[in-house]
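Listing of coords-v1.cif; format and content: mmCIF, C-alpha atoms.
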data_target
loop_
_atom_site.label_atom_id
_atom_site.label_comp_id
_atom_site.auth_asym_id
_atom_site.auth_seq_id
_atom_site.Cartn_x
_atom_site.Cartn_y
_atom_site.Cartn_z
CA MET A 1 -5.81 -5.15 -4.38
CA LYS A 2 -7.63 -8.45 -4.47
CA ILE A 3 -7.79 -11.32 -1.99
CA TYR A 4 -8.64 -15.01 -2.37
CA GLN A 5 -8.93 -17.80 0.17
CA LYS A 6 -9.29 -21.55 0.05
CA GLU A 7 -9.33 -24.33 2.65
CA ILE A 8 -7.88 -27.70 1.65
CA GLN A 9 -7.32 -31.05 3.30
CA LEU A 10 -3.97 -32.76 2.79
CA PRO A 11 -3.55 -36.47 2.14
CA GLU A 12 -2.28 -38.29 5.23
CA PHE A 13 1.50 -38.02 5.64
CA LYS A 14 3.64 -40.13 7.91
CA ARG A 15 5.59 -38.62 10.80
CA GLY A 16 8.46 -36.47 9.50
CA TYR A 17 8.96 -33.66 7.02
CA HIS A 18 7.38 -33.50 3.56
CA ILE A 19 7.55 -31.00 0.68
CA ILE A 20 4.06 -29.77 -0.17
CA THR A 21 4.79 -26.65 -2.28
CA ASN A 22 3.03 -27.95 -5.39
CA ILE A 23 -0.09 -29.09 -3.52
CA LEU A 24 -0.50 -25.63 -2.03
CA VAL A 25 0.23 -23.66 -5.21
CA GLU A 26 -2.12 -25.76 -7.34
CA ALA A 27 -4.97 -25.16 -4.88
CA VAL A 28 -5.07 -21.42 -5.67
CA PRO A 29 -4.76 -20.81 -9.44
CA GLU A 30 -5.76 -17.17 -8.76
CA LEU A 31 -2.22 -16.50 -7.60
CA GLN A 32 -1.15 -16.51 -11.25
CA THR A 33 -3.13 -13.28 -11.72
CA ILE A 34 -1.26 -11.40 -8.98
CA ALA A 35 1.71 -9.29 -10.03
CA ILE A 36 2.79 -8.25 -6.53
CA GLY A 37 1.39 -9.81 -3.40
CA GLN A 38 1.64 -12.36 -0.62
CA PHE A 39 0.70 -16.01 -0.19
CA GLN A 40 -0.08 -17.47 3.22
CA ALA A 41 -0.61 -21.09 4.17
CA PHE A 42 -1.90 -21.67 7.72
CA ILE A 43 -2.25 -25.15 9.24
CA LYS A 44 -5.21 -25.53 11.61
CA HIS A 45 -3.50 -27.93 14.02
CA THR A 46 -1.26 -27.76 17.09
CA SER A 47 0.76 -30.93 16.47
CA ALA A 48 1.96 -30.23 12.93
CA SER A 49 3.83 -27.29 11.40
CA LEU A 50 4.65 -25.42 8.21
CA THR A 51 8.16 -24.14 7.52
CA ILE A 52 10.42 -23.39 4.56
CA ASN A 53 13.60 -25.34 3.90
CA GLU A 54 15.79 -27.19 1.42
CA ASN A 55 13.79 -28.72 -1.42
CA ALA A 56 16.27 -31.06 -3.13
CA ASP A 57 18.01 -33.51 -0.82
CA PRO A 58 15.71 -35.85 1.16
CA THR A 59 18.42 -36.40 3.79
CA VAL A 60 17.85 -32.82 4.99
CA ARG A 61 14.31 -33.82 5.95
CA GLU A 62 15.59 -36.99 7.65
CA ASP A 63 18.14 -34.96 9.63
CA PHE A 64 15.35 -32.54 10.64
CA GLU A 65 13.45 -35.47 12.12
CA SER A 66 16.54 -36.86 13.91
CA HIS A 67 17.74 -33.63 15.45
CA ILE A 68 14.40 -32.05 16.35
CA ASN A 69 13.46 -35.31 18.10
CA LYS A 70 16.62 -34.86 20.15
CA MET A 71 15.89 -31.20 20.97
CA ILE A 72 12.29 -31.99 21.88
CA PRO A 73 12.23 -35.62 23.07
CA GLU A 74 9.39 -37.88 24.13
CA ASN A 75 8.85 -39.08 27.71
CA MET A 76 10.54 -36.24 29.57
CA PRO A 77 9.87 -36.90 33.28
CA TYR A 78 8.26 -33.47 33.78
CA TYR A 79 5.66 -33.80 30.99
CA LYS A 80 2.16 -33.73 32.49
CA HIS A 81 0.19 -33.75 29.23
CA ASP A 82 0.74 -37.42 28.31
CA TYR A 83 -2.70 -39.04 27.96
CA GLU A 84 -2.72 -38.75 24.15
CA GLY A 85 0.53 -40.71 23.79
CA ALA A 86 4.27 -40.08 24.08
CA ASP A 87 4.39 -38.31 20.71
CA ASP A 88 1.75 -35.71 21.61
CA MET A 89 3.42 -33.20 23.93
CA PRO A 90 6.63 -33.04 21.84
CA ALA A 91 4.39 -32.48 18.79
CA HIS A 92 2.86 -29.39 20.42
CA ILE A 93 6.27 -27.89 21.23
CA LYS A 94 7.63 -28.64 17.73
CA SER A 95 4.56 -26.94 16.22
CA SER A 96 5.27 -23.69 18.07
CA MET A 97 9.03 -23.84 17.46
CA LEU A 98 8.63 -24.28 13.70
CA GLY A 99 5.39 -22.33 13.37
CA CYS A 100 1.98 -23.03 11.90
CA GLN A 101 2.17 -20.70 8.91
CA VAL A 102 4.36 -19.55 6.03
CA GLN A 103 4.00 -16.15 4.37
CA ILE A 104 5.71 -15.86 0.99
CA PRO A 105 6.01 -12.95 -1.48
CA ILE A 106 4.24 -13.32 -4.83
CA THR A 107 5.98 -11.79 -7.83
CA LYS A 108 4.60 -11.96 -11.38
CA GLY A 109 2.07 -14.68 -10.60
CA LYS A 110 4.48 -17.01 -8.81
CA LEU A 111 5.82 -17.65 -5.30
CA ASN A 112 9.09 -15.72 -5.10
CA LEU A 113 11.06 -18.46 -3.35
CA GLY A 114 14.81 -18.98 -3.54
CA THR A 115 16.10 -21.75 -5.80
CA TRP A 116 16.43 -24.21 -2.93
CA GLN A 117 13.35 -23.26 -0.92
CA GLY A 118 10.27 -25.46 -0.59
CA ILE A 119 7.36 -25.56 1.85
CA TYR A 120 7.66 -28.34 4.44
CA LEU A 121 4.78 -29.97 6.25
CA GLY A 122 6.11 -31.05 9.64
CA GLU A 123 3.95 -33.99 10.71
CA HIS A 124 4.79 -34.46 14.38
CA ARG A 125 2.28 -37.16 15.35
CA ASN A 126 2.75 -40.87 14.61
CA TYR A 127 -0.75 -40.93 13.08
CA GLY A 128 -1.69 -37.33 12.35
CA GLY A 129 -4.51 -37.90 9.88
CA ASN A 130 -5.62 -35.46 7.18
CA ARG A 131 -4.43 -31.98 8.04
CA LYS A 132 -6.41 -28.87 7.07
CA ILE A 133 -4.72 -25.80 5.61
CA VAL A 134 -6.18 -22.36 4.86
CA ILE A 135 -4.50 -20.60 1.95
CA THR A 136 -4.89 -16.83 1.59
CA VAL A 137 -3.53 -14.97 -1.44
CA PHE A 138 -3.68 -11.21 -1.91
CA GLY A 139 -2.10 -8.44 -3.93
CA ALA A 140 -2.34 -6.26 -7.02
CA GLU A 141 -2.81 -7.38 -10.64
CA MET B 1 -4.71 -0.15 -0.30
CA LYS B 2 -1.42 -0.07 -2.15
CA ILE B 3 1.41 -2.60 -2.38
CA TYR B 4 5.10 -2.25 -3.24
CA GLN B 5 7.83 -4.83 -3.59
CA LYS B 6 11.60 -4.77 -3.96
CA GLU B 7 14.32 -7.42 -4.08
CA ILE B 8 17.71 -6.49 -2.63
CA GLN B 9 21.04 -8.19 -2.13
CA LEU B 10 22.78 -7.78 1.21
CA PRO B 11 26.49 -7.20 1.63
CA GLU B 12 28.27 -10.33 2.83
CA PHE B 13 28.03 -10.82 6.59
CA LYS B 14 30.11 -13.17 8.69
CA ARG B 15 28.55 -16.07 10.59
CA GLY B 16 26.45 -14.78 13.49
CA TYR B 17 23.66 -12.27 14.07
CA HIS B 18 23.56 -8.78 12.56
CA ILE B 19 21.10 -5.87 12.81
CA ILE B 20 19.86 -4.92 9.34
CA THR B 21 16.78 -2.80 10.13
CA ASN B 22 18.12 0.33 8.42
CA ILE B 23 19.22 -1.50 5.25
CA LEU B 24 15.73 -2.92 4.83
CA VAL B 25 13.82 0.27 5.63
CA GLU B 26 15.95 2.42 3.32
CA ALA B 27 15.28 0.04 0.43
CA VAL B 28 11.56 0.89 0.37
CA PRO B 29 11.00 4.65 0.75
CA GLU B 30 7.36 4.05 -0.25
CA LEU B 31 6.68 2.82 3.27
CA GLN B 32 6.75 6.45 4.41
CA THR B 33 3.53 7.01 2.46
CA ILE B 34 1.62 4.26 4.29
CA ALA B 35 -0.48 5.29 7.30
CA ILE B 36 -1.55 1.78 8.31
CA GLY B 37 -0.04 -1.35 6.84
CA GLN B 38 2.45 -4.17 7.01
CA PHE B 39 6.10 -4.64 6.04
CA GLN B 40 7.50 -8.05 5.19
CA ALA B 41 11.12 -9.05 4.63
CA PHE B 42 11.62 -12.58 3.26
CA ILE B 43 15.09 -14.14 2.87
CA LYS B 44 15.41 -16.46 -0.15
CA HIS B 45 17.77 -18.93 1.50
CA THR B 46 17.58 -22.04 3.68
CA SER B 47 20.78 -21.52 5.69
CA ALA B 48 20.12 -17.99 6.97
CA SER B 49 17.22 -16.45 8.88
CA LEU B 50 15.41 -13.25 9.79
CA THR B 51 14.16 -12.60 13.31
CA ILE B 52 13.45 -9.68 15.63
CA ASN B 53 15.43 -9.12 18.80
CA GLU B 54 17.32 -6.72 21.05
CA ASN B 55 18.87 -3.86 19.11
CA ALA B 56 21.25 -2.25 21.59
CA ASP B 57 23.68 -4.62 23.27
CA PRO B 58 26.00 -6.57 20.92
CA THR B 59 26.50 -9.28 23.58
CA VAL B 60 22.90 -10.41 23.01
CA ARG B 61 23.87 -11.32 19.44
CA GLU B 62 27.02 -13.09 20.68
CA ASP B 63 24.98 -15.09 23.19
CA PHE B 64 22.53 -16.01 20.40
CA GLU B 65 25.43 -17.50 18.46
CA SER B 66 26.79 -19.37 21.50
CA HIS B 67 23.56 -20.89 22.69
CA ILE B 68 21.95 -21.68 19.35
CA ASN B 69 25.18 -23.46 18.35
CA LYS B 70 24.72 -25.57 21.47
CA MET B 71 21.04 -26.32 20.73
CA ILE B 72 21.81 -27.17 17.11
CA PRO B 73 25.42 -28.42 17.00
CA GLU B 74 27.66 -29.46 14.13
CA ASN B 75 28.79 -33.03 13.52
CA MET B 76 25.94 -34.89 15.18
CA PRO B 77 26.53 -38.60 14.45
CA TYR B 78 23.08 -39.01 12.84
CA TYR B 79 23.45 -36.17 10.30
CA LYS B 80 23.34 -37.60 6.76
CA HIS B 81 23.41 -34.30 4.85
CA ASP B 82 27.09 -33.46 5.38
CA TYR B 83 28.69 -33.05 1.94
CA GLU B 84 28.46 -29.24 2.01
CA GLY B 85 30.43 -28.99 5.27
CA ALA B 86 29.82 -29.34 8.99
CA ASP B 87 28.12 -25.94 9.20
CA ASP B 88 25.48 -26.75 6.55
CA MET B 89 22.94 -29.07 8.19
CA PRO B 90 22.83 -27.05 11.45
CA ALA B 91 22.30 -23.94 9.28
CA HIS B 92 19.18 -25.49 7.73
CA ILE B 93 17.68 -26.34 11.13
CA LYS B 94 18.50 -22.88 12.54
CA SER B 95 16.82 -21.28 9.53
CA SER B 96 13.54 -23.10 10.22
CA MET B 97 13.71 -22.57 13.99
CA LEU B 98 14.19 -18.81 13.66
CA GLY B 99 12.24 -18.39 10.43
CA CYS B 100 12.95 -16.84 7.06
CA GLN B 101 10.66 -13.83 7.33
CA VAL B 102 9.57 -10.98 9.56
CA GLN B 103 6.19 -9.26 9.24
CA ILE B 104 5.95 -5.90 11.04
CA PRO B 105 3.08 -3.41 11.40
CA ILE B 106 3.50 -0.03 9.70
CA THR B 107 2.01 2.97 11.51
CA LYS B 108 2.24 6.54 10.20
CA GLY B 109 4.91 5.77 7.64
CA LYS B 110 7.24 3.88 9.98
CA LEU B 111 7.82 0.35 11.26
CA ASN B 112 5.91 0.11 14.53
CA LEU B 113 8.64 -1.73 16.45
CA GLY B 114 9.17 -1.63 20.20
CA THR B 115 11.97 0.58 21.54
CA TRP B 116 14.41 -2.33 21.79
CA GLN B 117 13.42 -4.27 18.67
CA GLY B 118 15.60 -4.57 15.58
CA ILE B 119 15.65 -6.94 12.61
CA TYR B 120 18.40 -9.58 12.85
CA LEU B 121 19.97 -11.37 9.93
CA GLY B 122 21.01 -14.80 11.18
CA GLU B 123 23.93 -15.88 8.97
CA HIS B 124 24.35 -19.55 9.75
CA ARG B 125 27.03 -20.53 7.20
CA ASN B 126 30.73 -19.84 7.66
CA TYR B 127 30.78 -18.26 4.19
CA GLY B 128 27.21 -17.46 3.28
CA GLY B 129 27.81 -14.94 0.51
CA ASN B 130 25.41 -12.20 -0.54
CA ARG B 131 21.91 -13.02 0.67
CA LYS B 132 18.82 -11.96 -1.28
CA ILE B 133 15.78 -10.48 0.46
CA VAL B 134 12.34 -9.65 -0.97
CA ILE B 135 10.63 -6.74 0.78
CA THR B 136 6.87 -6.31 0.42
CA VAL B 137 5.06 -3.29 1.85
CA PHE B 138 1.30 -2.75 1.73
CA GLY B 139 -1.44 -0.71 3.36
CA ALA B 140 -3.55 2.41 3.20
CA GLU B 141 -2.37 6.01 2.78
CA MET C 1 -9.79 -4.16 0.71
CA LYS C 2 -9.81 -2.37 4.04
CA ILE C 3 -7.27 -2.25 6.86
CA TYR C 4 -7.59 -1.47 10.57
CA GLN C 5 -5.00 -1.20 13.32
CA LYS C 6 -5.04 -0.90 17.08
CA GLU C 7 -2.39 -0.89 19.80
CA ILE C 8 -3.32 -2.39 23.15
CA GLN C 9 -1.61 -3.00 26.47
CA LEU C 10 -2.07 -6.36 28.15
CA PRO C 11 -2.64 -6.86 31.85
CA GLU C 12 0.49 -8.15 33.59
CA PHE C 13 0.92 -11.90 33.28
CA LYS C 14 3.25 -14.08 35.29
CA ARG C 15 6.11 -16.00 33.69
CA GLY C 16 4.78 -18.82 31.52
CA TYR C 17 2.25 -19.29 28.74
CA HIS C 18 -1.22 -17.74 28.69
CA ILE C 19 -4.14 -17.89 26.24
CA ILE C 20 -5.04 -14.38 25.07
CA THR C 21 -7.19 -15.08 22.00
CA ASN C 22 -10.29 -13.34 23.38
CA ILE C 23 -8.43 -10.24 24.55
CA LEU C 24 -7.00 -9.77 21.05
CA VAL C 25 -10.20 -10.48 19.13
CA GLU C 26 -12.31 -8.18 21.32
CA ALA C 27 -9.88 -5.31 20.71
CA VAL C 28 -10.76 -5.16 16.99
CA PRO C 29 -14.52 -5.48 16.43
CA GLU C 30 -13.92 -4.40 12.81
CA LEU C 31 -12.74 -7.95 12.06
CA GLN C 32 -16.40 -9.03 12.13
CA THR C 33 -16.94 -7.00 8.94
CA ILE C 34 -14.22 -8.83 6.99
CA ALA C 35 -15.31 -11.78 4.83
CA ILE C 36 -11.81 -12.82 3.72
CA GLY C 37 -8.67 -11.43 5.25
CA GLN C 38 -5.83 -11.68 7.72
CA PHE C 39 -5.34 -10.80 11.38
CA GLN C 40 -1.91 -10.04 12.79
CA ALA C 41 -0.89 -9.56 16.40
CA PHE C 42 2.66 -8.25 16.92
CA ILE C 43 4.26 -7.95 20.38
CA LYS C 44 6.61 -4.97 20.76
CA HIS C 45 9.07 -6.73 23.08
CA THR C 46 12.14 -8.94 22.83
CA SER C 47 11.60 -11.02 25.98
CA ALA C 48 8.05 -12.20 25.32
CA SER C 49 6.48 -14.04 22.39
CA LEU C 50 3.26 -14.86 20.56
CA THR C 51 2.57 -18.34 19.25
CA ILE C 52 -0.40 -20.60 18.52
CA ASN C 53 -1.01 -23.81 20.44
CA GLU C 54 -3.43 -26.05 22.31
CA ASN C 55 -6.26 -24.09 23.92
CA ALA C 56 -7.91 -26.63 26.25
CA ASP C 57 -5.54 -28.38 28.64
CA PRO C 58 -3.53 -26.11 30.98
CA THR C 59 -0.88 -28.81 31.41
CA VAL C 60 0.25 -28.17 27.82
CA ARG C 61 1.22 -24.65 28.87
CA GLU C 62 2.99 -25.97 31.98
CA ASP C 63 4.94 -28.48 29.86
CA PHE C 64 5.88 -25.66 27.48
CA GLU C 65 7.42 -23.78 30.41
CA SER C 66 9.25 -26.89 31.70
CA HIS C 67 10.74 -28.04 28.43
CA ILE C 68 11.57 -24.67 26.88
CA ASN C 69 13.39 -23.76 30.12
CA LYS C 70 15.45 -26.92 29.58
CA MET C 71 16.17 -26.11 25.91
CA ILE C 72 17.10 -22.52 26.75
CA PRO C 73 18.36 -22.51 30.34
CA GLU C 74 19.45 -19.70 32.63
CA ASN C 75 23.05 -19.17 33.77
CA MET C 76 24.85 -20.80 30.86
CA PRO C 77 28.56 -20.13 31.45
CA TYR C 78 29.00 -18.46 28.05
CA TYR C 79 26.20 -15.87 28.48
CA LYS C 80 27.67 -12.36 28.44
CA HIS C 81 24.40 -10.41 28.57
CA ASP C 82 23.58 -11.01 32.24
CA TYR C 83 23.23 -7.60 33.91
CA GLU C 84 19.40 -7.61 33.69
CA GLY C 85 19.12 -10.90 35.60
CA ALA C 86 19.42 -14.61 34.91
CA ASP C 87 16.01 -14.72 33.21
CA ASP C 88 16.85 -12.03 30.64
CA MET C 89 19.13 -13.67 28.05
CA PRO C 90 17.05 -16.88 27.89
CA ALA C 91 13.97 -14.66 27.41
CA HIS C 92 15.55 -13.07 24.32
CA ILE C 93 16.34 -16.46 22.75
CA LYS C 94 12.85 -17.82 23.55
CA SER C 95 11.30 -14.75 21.94
CA SER C 96 13.09 -15.40 18.64
CA MET C 97 12.51 -19.17 18.74
CA LEU C 98 8.74 -18.79 19.26
CA GLY C 99 8.36 -15.52 17.36
CA CYS C 100 6.88 -12.13 18.15
CA GLN C 101 3.85 -12.32 15.88
CA VAL C 102 0.96 -14.48 14.75
CA GLN C 103 -0.77 -14.08 11.38
CA ILE C 104 -4.15 -15.80 11.13
CA PRO C 105 -6.66 -16.08 8.28
CA ILE C 106 -10.01 -14.34 8.74
CA THR C 107 -13.04 -16.09 7.23
CA LYS C 108 -16.61 -14.72 7.49
CA GLY C 109 -15.78 -12.24 10.23
CA LYS C 110 -13.91 -14.65 12.49
CA LEU C 111 -10.40 -15.99 13.04
CA ASN C 112 -10.21 -19.23 11.05
CA LEU C 113 -8.40 -21.22 13.74
CA GLY C 114 -8.55 -24.98 14.20
CA THR C 115 -10.75 -26.34 16.99
CA TRP C 116 -7.83 -26.68 19.40
CA GLN C 117 -5.86 -23.56 18.46
CA GLY C 118 -5.50 -20.52 20.69
CA ILE C 119 -3.08 -17.60 20.79
CA TYR C 120 -0.44 -17.93 23.52
CA LEU C 121 1.40 -15.06 25.15
CA GLY C 122 4.82 -16.38 26.14
CA GLU C 123 5.92 -14.27 29.09
CA HIS C 124 9.60 -15.09 29.47
CA ARG C 125 10.61 -12.63 32.20
CA ASN C 126 9.95 -13.16 35.91
CA TYR C 127 8.41 -9.66 36.04
CA GLY C 128 7.59 -8.68 32.47
CA GLY C 129 5.13 -5.89 33.14
CA ASN C 130 2.37 -4.74 30.78
CA ARG C 131 3.16 -5.88 27.25
CA LYS C 132 2.15 -3.85 24.19
CA ILE C 133 0.63 -5.51 21.14
CA VAL C 134 -0.20 -3.99 17.74
CA ILE C 135 -3.14 -5.67 16.00
CA THR C 136 -3.58 -5.22 12.25
CA VAL C 137 -6.62 -6.57 10.45
CA PHE C 138 -7.19 -6.36 6.68
CA GLY C 139 -9.27 -7.91 3.93
CA ALA C 140 -12.38 -7.65 1.83
CA GLU C 141 -15.98 -7.22 3.02
#
How would this structure read if it were set down as structure tokens?
Amino acid sequence: MKIYQKEIQLPEFKRGYHIITNILVEAVPELQTIAIGQFQAFIKHTSASLTINENADPTVREDFESHINKMIPENMPYYKHDYEGADDMPAHIKSSMLGCQVQIPITKGKLNLGTWQGIYLGEHRNYGGNRKIVITVFGAE
Amino acid sequence: MKIYQKEIQLPEFKRGYHIITNILVEAVPELQTIAIGQFQAFIKHTSASLTINENADPTVREDFESHINKMIPENMPYYKHDYEGADDMPAHIKSSMLGCQVQIPITKGKLNLGTWQGIYLGEHRNYGGNRKIVITVFGAE
Amino acid sequence: MKIYQKEIQLPEFKRGYHIITNILVEAVPELQTIAIGQFQAFIKHTSASLTINENADPTVREDFESHINKMIPENMPYYKHDYEGADDMPAHIKSSMLGCQVQIPITKGKLNLGTWQGIYLGEHRNYGGNRKIVITVFGAE
């Protein structure tokens, strides 16, 4: 078994959900040499997230933003951690609810995703900046 | 270290939460040869999920269905992605909240789960069909 | 590639969110020998969770407790699984929403976390007792 790792910095994305599958896959060409393995992307932030969801219809990503904002709203009266802005504490909770990593099987040199699956960046801050992601790929040739 | 992978298709399950630990374990007999390792099950769909929870009392699974339906309801006025039915958009959000994969330590040829832990399939569509799962097992003999 | 595994028992923590990064890292000194790899911590319980979040300001952890209690409250009229106490069924749902494991890249013998990331234990029971965690570490020297 072999293992490869790479750290990348994303372009800045606006608040919401964005498909970044191709950016991540293109960063590790070594995955094409792996017959059976796993691919992990890990985001090094606590106010953004990585998750897998529908890759075709942009309204799914808009509905994610609408409903998750309702589940985890800004300005709840009991929030104490508010000095970084109203979007900050909800961003932390969203990050843990959606998770900061995706772990995907590799089969014959490709991510073995379902037809409709893509990797979402959840950007939960209004101005999140350039997010850093560590990609680890391992398996057998 | 060795690695094995298998793709299976589940029987059709009705909407709700179902324990599928045995189906997954029986699909990869190679895991019995691994002394220390990891087991991953990855569901190739965006309207179903895999999670770990209580394996004994069926009312836990019923309460999951009741409360998660309340957290992530159908027919919210702001949903735009509605052409596949009222159960579709909530299914996508549930899938990302619960996750599409479980990653479990292997110890002495067995999943090293707690006494009360089992693997749940979350079927979030009314008629979800036969779900596909990729199982990857790796470790040292 | 090499793989190591260890099972530990945590001290008892009170209900809420607690940073346990150092406890977990110190349990597996072998991770210092891994140049590229992954670290997994898996909690063997269905009423506690492991997640990654902000490691500096304790009010983030207090806000987690406040808001997640609101998202997943006690005593909902439809809960059927109530014989272990009002805190039990919400604890199961929280465990699946936050997850029972964290999987973190290892780079040059250390967890490759972001500056502000730490590993949270989510203790969701009023009296959860001593929780068991399996740590698996693998990679290349």
Dump as JSON lines the rows for residues of chain C within 10 Å of chain B: closest atom pair and distance in Å with one decimal, all atoms listed in the file counted, ordered by chain and rising residue number.
{"residue": "C:Met1", "atom": "CA", "partner": "B:Met1", "partner_atom": "CA", "distance": 6.6}
{"residue": "C:Lys2", "atom": "CA", "partner": "B:Met1", "partner_atom": "CA", "distance": 7.1}
{"residue": "C:Ile3", "atom": "CA", "partner": "B:Gly139", "partner_atom": "CA", "distance": 7.0}
{"residue": "C:Tyr4", "atom": "CA", "partner": "B:Ile36", "partner_atom": "CA", "distance": 7.2}
{"residue": "C:Gln5", "atom": "CA", "partner": "B:Ile36", "partner_atom": "CA", "distance": 6.8}
{"residue": "C:Lys6", "atom": "CA", "partner": "B:Thr107", "partner_atom": "CA", "distance": 9.8}
{"residue": "C:Glu7", "atom": "CA", "partner": "B:Asn112", "partner_atom": "CA", "distance": 9.9}
{"residue": "C:Gln40", "atom": "CA", "partner": "B:Pro105", "partner_atom": "CA", "distance": 8.4}
{"residue": "C:Ala41", "atom": "CA", "partner": "B:Pro105", "partner_atom": "CA", "distance": 8.9}
{"residue": "C:Phe42", "atom": "CA", "partner": "B:Ile104", "partner_atom": "CA", "distance": 7.1}
{"residue": "C:Ile43", "atom": "CA", "partner": "B:Gly114", "partner_atom": "CA", "distance": 8.0}
{"residue": "C:Lys44", "atom": "CA", "partner": "B:Gly114", "partner_atom": "CA", "distance": 4.2}
{"residue": "C:His45", "atom": "CA", "partner": "B:Gly114", "partner_atom": "CA", "distance": 5.9}
{"residue": "C:Thr46", "atom": "CA", "partner": "B:Asn53", "partner_atom": "CA", "distance": 5.2}
{"residue": "C:Ser47", "atom": "CA", "partner": "B:Asn53", "partner_atom": "CA", "distance": 8.4}
{"residue": "C:Met71", "atom": "CA", "partner": "B:Met71", "partner_atom": "CA", "distance": 7.1}
{"residue": "C:Ile72", "atom": "CA", "partner": "B:His67", "partner_atom": "CA", "distance": 7.8}
{"residue": "C:Pro73", "atom": "CA", "partner": "B:His67", "partner_atom": "CA", "distance": 9.4}
{"residue": "C:Met76", "atom": "CA", "partner": "B:His67", "partner_atom": "CA", "distance": 8.3}
{"residue": "C:Tyr78", "atom": "CA", "partner": "B:Ser66", "partner_atom": "CA", "distance": 7.0}
{"residue": "C:Tyr79", "atom": "CA", "partner": "B:Asp63", "partner_atom": "CA", "distance": 5.5}
{"residue": "C:Lys80", "atom": "CA", "partner": "B:Thr59", "partner_atom": "CA", "distance": 5.9}
{"residue": "C:His81", "atom": "CA", "partner": "B:Thr59", "partner_atom": "CA", "distance": 5.5}
{"residue": "C:Asp82", "atom": "CA", "partner": "B:Val60", "partner_atom": "CA", "distance": 9.3}
{"residue": "C:Asp88", "atom": "CA", "partner": "B:Val60", "partner_atom": "CA", "distance": 9.9}
{"residue": "C:Met89", "atom": "CA", "partner": "B:Val60", "partner_atom": "CA", "distance": 7.1}
{"residue": "C:Pro90", "atom": "CA", "partner": "B:His67", "partner_atom": "CA", "distance": 9.2}
{"residue": "C:His92", "atom": "CA", "partner": "B:Asn53", "partner_atom": "CA", "distance": 6.8}
{"residue": "C:Ile93", "atom": "CA", "partner": "B:Phe64", "partner_atom": "CA", "distance": 6.6}
{"residue": "C:Ser95", "atom": "CA", "partner": "B:Asn53", "partner_atom": "CA", "distance": 7.7}
{"residue": "C:Ser96", "atom": "CA", "partner": "B:Thr51", "partner_atom": "CA", "distance": 6.1}
{"residue": "C:Met97", "atom": "CA", "partner": "B:Leu98", "partner_atom": "CA", "distance": 5.4}
{"residue": "C:Leu98", "atom": "CA", "partner": "B:Leu98", "partner_atom": "CA", "distance": 7.8}
{"residue": "C:Gly99", "atom": "CA", "partner": "B:Leu98", "partner_atom": "CA", "distance": 7.6}
{"residue": "C:Cys100", "atom": "CA", "partner": "B:Ile52", "partner_atom": "CA", "distance": 7.5}
{"residue": "C:Gln101", "atom": "CA", "partner": "B:Gln103", "partner_atom": "CA", "distance": 7.7}
{"residue": "C:Val102", "atom": "CA", "partner": "B:Gln103", "partner_atom": "CA", "distance": 9.2}
{"residue": "C:Gln103", "atom": "CA", "partner": "B:Gln103", "partner_atom": "CA", "distance": 8.7}
{"residue": "C:Lys132", "atom": "CA", "partner": "B:Gly114", "partner_atom": "CA", "distance": 8.4}
{"residue": "C:Ile133", "atom": "CA", "partner": "B:Gly114", "partner_atom": "CA", "distance": 9.4}
{"residue": "C:Val134", "atom": "CA", "partner": "B:Pro105", "partner_atom": "CA", "distance": 7.2}
{"residue": "C:Ile135", "atom": "CA", "partner": "B:Pro105", "partner_atom": "CA", "distance": 8.1}
{"residue": "C:Thr136", "atom": "CA", "partner": "B:Pro105", "partner_atom": "CA", "distance": 7.0}
{"residue": "C:Val137", "atom": "CA", "partner": "B:Gly37", "partner_atom": "CA", "distance": 9.1}
{"residue": "C:Phe138", "atom": "CA", "partner": "B:Gly139", "partner_atom": "CA", "distance": 8.7}
{"residue": "C:Gly139", "atom": "CA", "partner": "B:Met1", "partner_atom": "CA", "distance": 9.9}
Exercise. Please write the residues picked by the PyMOL selection byres ((chain A and resi 32) around 8) on this file as a VMD selection string.
Key: chain A and resid 29 to 31 33 to 35 108 to 110
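Between atom CA of B:Ser49 and atom CA of B:Ala91 the interatomic distance comes to 9.1 Å.
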Quiz item: Neighbours of B:Glu12 within 12 Å (all atoms listed in the file; same-chain residues fewer than 6 positions away dropped), as a VMD selection string?
Solution: chain B and resid 18 20 48 121 to 123 125 to 132
